[in-house]
Amino acid sequence: MNQTLEPITELLTGIYGSPKTAKSSIMLTVPKPMVVFDLDQSFSRAQARLVALEPNLKILIIRPHEKPSMDSWKTYLDTYDVIVRQYNIPLRMPGTLLAGYIDLWEGLIIPEMICATEHPRILSICLDTGTLWWTMDHQSQLERAQQNSKVERSSLLPIEYARPNTEARALLGNIRNKGKNLVSVHHVGPKHGPGYEEKRSRNKVELVYKEDMLLGETWAGFTHLAAIVDVIARSRLENYCNTCQAWFEPTLINSFQHPLQGVGVHQVNTTLVPTLTIEYCGYALEATNGHLPNPSFDILLGYINGMRALQMANIANGK
């Protein structure tokens with residue numbers, strides 16, 4: 001009996017990348033109606049592109065000083081295609097106890113996020129950035145710890161991350177449970193883990209095992225994100241060379257090396273194009289390392305569905 005593979009219609013996505021690599025613009029291509037928790041207040045930079053692509057959208061920006069009631073929120077969710085929620089992020093100064101994080105996280109962000117997620121009309125929830133969203137979560141726990149000890153502390157103890165981890169898992173898991181799309185945008189952070197480090201002594205090279213060493217780059221923020229979302233992708237701005245038929249980042253080293261790749265010095269297309277590279281995909285291993293120029297949410301979803309079908313065909317054929 002042949003089994004039919006139903007296409008995926010919702011997707012939980014994490015996108016990370018350097019500044020100005022079109023992360024927010026890609027995020028805003030999700031199905032509407034949508035709610036953007038704009039903690040970085042970066043919506044204005046991507047708004048022009050959104051309006052140009054979808055000129056008939058009804059957009060509401062809730063400014064940081066506004067504190068709408070839940071009844072007002074429900075009216076907004078019934079009415080607008082894009083709701084952008086901005087917040088006043090507390091100022092943290094050295095030598096002072098934290099203040100304002102608990103009120104912001106527990107009094108505004110959590111109830112408003114639950115309200116948006118559970119509204120039947122809303123199709124997509126976006127965090128811009130998920131890095132700062134996670135900071136609000138664990139800093140509220142640090143403020144609570146400081147209140148109990150009356151001592152300034154710079155960070156939580158490992159055991160104290162249990163509550164913020166549980167809260168983040170619950171809020172993101174609720175998005176999946178309600179059948180919504182999620183795009184969580186993140187800054188770039190260091191990737192640490194076990195590995196071998198080269199130690200040079202005169203003419204000898206020795207590999208030394210280290211439990212925790214710098215391995216590269218990953219998303220900054222909630223470290224358990226990959227266990228919750230369906231896909232993690234890296235955003236970049238890249239050039240495409242028609243002669244080499246290859247993409248490359250316009251770094252200084254590429255400027256020197258690129259003309260030497262096989263055919264000598266040649267003209268290179270200098271137009272920068274936003275791209276996504278898929279690093280993790282729970283739906284299809286074949287999608288890993290997929291490279292998508294000029295990406296949108298629909299292009300990403302279509303690519304994953306295509307790779308998922310290919311994976312099923314390969315398994316059926318014994319590959």
# chains A, B, ... in the order shown; residues from 1 in each chain; ligands from 1
$ residues_around --residues "region 171-177 of chain A" --least-positions-apart "4" --cutoff "8 Å" --atoms "only C-alpha atoms" --output "list in words"
Leu12, Ile110, Met113, Ile114, Thr117, Ile125, Glu167, Asn181, Leu182 and Ile228 of chain A
$ residues_around --residues "region 133-142 of chain A" --least-positions-apart "2" --cutoff "8 Å" --atoms "only C-alpha atoms" --output "ChimeraX atom specification"
/A:39,98,101-102,104-105,127-131,144-146,153,155-156,160-161,163-164,167-168,221-222
$ closest_residue --among "A:Ile26, A:Ala316, A:Met34, A:Ile83" --to "Pro274 (chain A)" --atoms "only C-alpha atoms"
A:Ile26
$ closest_residue --among "A:Glu54, A:Asp38, A:Glu249, A:Glu112" --to "Met70 (chain A)" --atoms "only C-alpha atoms"
A:Glu112
$ atom_distance --atom1 "CA of Val185 (chain A)" --atom2 "CA of Val84 (chain A)"
14.6 Å
$ atom_distance --atom1 "CA of His65 (chain A)" --atom2 "CA of Leu108 (chain A)"
11.7 Å
$ closest_residue --among "A:Val35, A:Ile299, A:Val273, A:Leu57" --to "Asn239 (chain A)" --atoms "only C-alpha atoms"
A:Val273
$ select_by_dssp --residues "region 6-241 of chain A" --states "strand (DSSP E or B)" --output "PyMOL selection string"
chain A and resi 12-17+34-37+59-62+82-85+124-128+181-186+188-201+204-219+231-241
$ write_last_selection --atoms "C-alpha atoms" --output "compact mmCIF listing (two decimals), in the first residue's frame"
# COMPACT_ATOMS: atom_id res chain seq x y z
CA LEU A 12 9.54 26.55 13.41
CA THR A 13 12.73 28.26 12.28
CA GLY A 14 15.82 29.77 13.85
CA ILE A 15 17.87 32.19 11.73
CA TYR A 16 21.18 33.65 12.85
CA GLY A 17 23.72 35.84 11.11
CA MET A 34 1.69 37.71 12.20
CA VAL A 35 2.97 39.17 15.46
CA VAL A 36 6.55 40.43 15.75
CA PHE A 37 8.07 40.80 19.21
CA ILE A 59 0.24 47.23 10.15
CA LEU A 60 0.13 48.25 13.81
CA ILE A 61 3.24 49.19 15.80
CA ILE A 62 2.74 49.11 19.57
CA VAL A 82 1.10 42.66 11.10
CA ILE A 83 1.38 43.60 14.77
CA VAL A 84 4.79 44.81 15.90
CA ARG A 85 5.31 44.90 19.66
CA SER A 124 3.02 33.33 12.66
CA ILE A 125 5.01 34.46 15.71
CA CYS A 126 8.40 36.17 15.24
CA LEU A 127 11.12 37.03 17.76
CA ASP A 128 13.48 39.81 16.72
CA ASN A 181 4.86 29.31 12.37
CA LEU A 182 7.85 30.64 14.30
CA VAL A 183 10.88 32.59 13.13
CA SER A 184 13.37 33.39 15.86
CA VAL A 185 16.16 35.69 14.65
CA HIS A 186 19.51 35.61 16.47
CA VAL A 188 26.06 35.37 16.00
CA GLY A 189 27.73 33.89 19.06
CA PRO A 190 30.70 31.60 19.83
CA LYS A 191 30.29 27.84 19.54
CA HIS A 192 32.00 25.90 22.32
CA GLY A 193 32.43 22.17 22.84
CA PRO A 194 34.93 19.34 23.23
CA GLY A 195 37.74 19.08 20.71
CA TYR A 196 41.45 18.81 20.06
CA GLU A 197 43.76 21.80 20.08
CA GLU A 198 47.16 21.88 18.39
CA LYS A 199 50.11 22.51 20.71
CA ARG A 200 53.39 23.32 18.97
CA SER A 201 56.73 22.79 20.61
CA LYS A 204 56.58 18.87 17.11
CA VAL A 205 52.79 19.25 16.88
CA GLU A 206 50.70 17.61 19.58
CA LEU A 207 46.91 17.32 19.70
CA VAL A 208 45.57 18.06 23.18
CA TYR A 209 41.98 17.18 24.11
CA LYS A 210 39.96 19.97 25.73
CA GLU A 211 36.49 19.64 27.27
CA ASP A 212 35.48 23.15 26.27
CA MET A 213 37.10 25.02 23.42
CA LEU A 214 36.07 27.50 20.73
CA LEU A 215 34.83 25.54 17.71
CA GLY A 216 33.38 28.30 15.56
CA GLU A 217 30.17 30.33 15.39
CA THR A 218 26.55 29.57 16.19
CA TRP A 219 23.43 31.45 17.28
CA VAL A 231 15.37 24.13 11.13
CA ILE A 232 18.37 26.34 11.91
CA ALA A 233 19.77 28.45 9.07
CA ARG A 234 22.64 30.92 8.73
CA SER A 235 22.01 34.20 6.90
CA ARG A 236 24.72 35.86 4.80
CA LEU A 237 25.22 38.45 2.09
CA GLU A 238 27.12 36.80 -0.74
CA ASN A 239 28.38 37.38 -4.28
CA TYR A 240 27.84 34.92 -7.12
CA CYS A 241 30.58 34.42 -9.69
$ residues_around --residues "Glu286 (chain A)" --least-positions-apart "6" --cutoff "12 Å" --atoms "only C-alpha atoms" --output "PyMOL selection string"
chain A and resi 278-280+303-315
$ write_last_selection --atoms "N, CA and C atoms" --output "PDB file, in the first residue's frame"
ATOM      1  N   ILE A 278      21.201  26.124   5.312  1.00  0.00           N
ATOM      2  CA  ILE A 278      20.557  25.292   6.330  1.00  0.00           C
ATOM      3  C   ILE A 278      21.622  24.485   7.068  1.00  0.00           C
ATOM      4  N   GLU A 279      21.646  24.603   8.377  1.00  0.00           N
ATOM      5  CA  GLU A 279      22.627  23.885   9.183  1.00  0.00           C
ATOM      6  C   GLU A 279      22.032  22.661   9.874  1.00  0.00           C
ATOM      7  N   TYR A 280      20.778  22.764  10.295  1.00  0.00           N
ATOM      8  CA  TYR A 280      20.079  21.636  10.912  1.00  0.00           C
ATOM      9  C   TYR A 280      18.668  21.586  10.332  1.00  0.00           C
ATOM     10  N   TYR A 303      11.580  24.147  -0.186  1.00  0.00           N
ATOM     11  CA  TYR A 303      12.828  23.386  -0.301  1.00  0.00           C
ATOM     12  C   TYR A 303      12.820  22.200   0.662  1.00  0.00           C
ATOM     13  N   ILE A 304      12.401  22.430   1.904  1.00  0.00           N
ATOM     14  CA  ILE A 304      12.379  21.352   2.894  1.00  0.00           C
ATOM     15  C   ILE A 304      11.382  20.270   2.482  1.00  0.00           C
ATOM     16  N   ASN A 305      10.225  20.671   1.979  1.00  0.00           N
ATOM     17  CA  ASN A 305       9.260  19.677   1.506  1.00  0.00           C
ATOM     18  C   ASN A 305       9.830  18.863   0.350  1.00  0.00           C
ATOM     19  N   GLY A 306      10.562  19.516  -0.548  1.00  0.00           N
ATOM     20  CA  GLY A 306      11.181  18.810  -1.664  1.00  0.00           C
ATOM     21  C   GLY A 306      12.232  17.822  -1.198  1.00  0.00           C
ATOM     22  N   MET A 307      13.083  18.243  -0.260  1.00  0.00           N
ATOM     23  CA  MET A 307      14.116  17.357   0.266  1.00  0.00           C
ATOM     24  C   MET A 307      13.522  16.216   1.087  1.00  0.00           C
ATOM     25  N   ARG A 308      12.416  16.493   1.735  1.00  0.00           N
ATOM     26  CA  ARG A 308      11.719  15.456   2.502  1.00  0.00           C
ATOM     27  C   ARG A 308      11.175  14.369   1.562  1.00  0.00           C
ATOM     28  N   ALA A 309      10.590  14.801   0.444  1.00  0.00           N
ATOM     29  CA  ALA A 309      10.090  13.842  -0.542  1.00  0.00           C
ATOM     30  C   ALA A 309      11.241  13.045  -1.152  1.00  0.00           C
ATOM     31  N   LEU A 310      12.370  13.719  -1.413  1.00  0.00           N
ATOM     32  CA  LEU A 310      13.539  13.035  -1.953  1.00  0.00           C
ATOM     33  C   LEU A 310      14.064  11.997  -0.971  1.00  0.00           C
ATOM     34  N   GLN A 311      14.099  12.361   0.301  1.00  0.00           N
ATOM     35  CA  GLN A 311      14.569  11.421   1.321  1.00  0.00           C
ATOM     36  C   GLN A 311      13.678  10.183   1.363  1.00  0.00           C
ATOM     37  N   MET A 312      12.357  10.381   1.285  1.00  0.00           N
ATOM     38  CA  MET A 312      11.437   9.255   1.311  1.00  0.00           C
ATOM     39  C   MET A 312      11.644   8.350   0.090  1.00  0.00           C
ATOM     40  N   ALA A 313      11.858   8.985  -1.085  1.00  0.00           N
ATOM     41  CA  ALA A 313      12.085   8.209  -2.316  1.00  0.00           C
ATOM     42  C   ALA A 313      13.390   7.423  -2.216  1.00  0.00           C
ATOM     43  N   ASN A 314      14.440   8.030  -1.658  1.00  0.00           N
ATOM     44  CA  ASN A 314      15.720   7.338  -1.505  1.00  0.00           C
ATOM     45  C   ASN A 314      15.608   6.137  -0.574  1.00  0.00           C
ATOM     46  N   ILE A 315      14.842   6.299   0.507  1.00  0.00           N
ATOM     47  CA  ILE A 315      14.647   5.187   1.443  1.00  0.00           C
ATOM     48  C   ILE A 315      13.866   4.066   0.763  1.00  0.00           C
TER      49      ILE A 315
END
$ select_by_dssp --residues "region 148-179 of chain A" --states "helix (DSSP H, G or I)" --output "number ranges by chain"
A: 148-149, 158-177
$ residues_around --residues "Leu292 (chain A)" --least-positions-apart "6" --cutoff "7 Å" --atoms "only C-alpha atoms" --output "PyMOL selection string"
chain A and resi 275-277
$ write_last_selection --atoms "C-alpha atoms" --output "PDB file, in the first residue's frame"
ATOM      1  CA  THR A 275      21.288  33.819   1.267  1.00  0.00           C
ATOM      2  CA  LEU A 276      20.338  31.155   3.795  1.00  0.00           C
ATOM      3  CA  THR A 277      22.410  28.051   4.470  1.00  0.00           C
TER       4      THR A 277
END
$ residues_around --residues "Ala99 (chain A)" --least-positions-apart "5" --cutoff "9 Å" --atoms "only C-alpha atoms" --output "JSON, numbers by chain"
{"A": [90, 91, 92, 140, 143]}
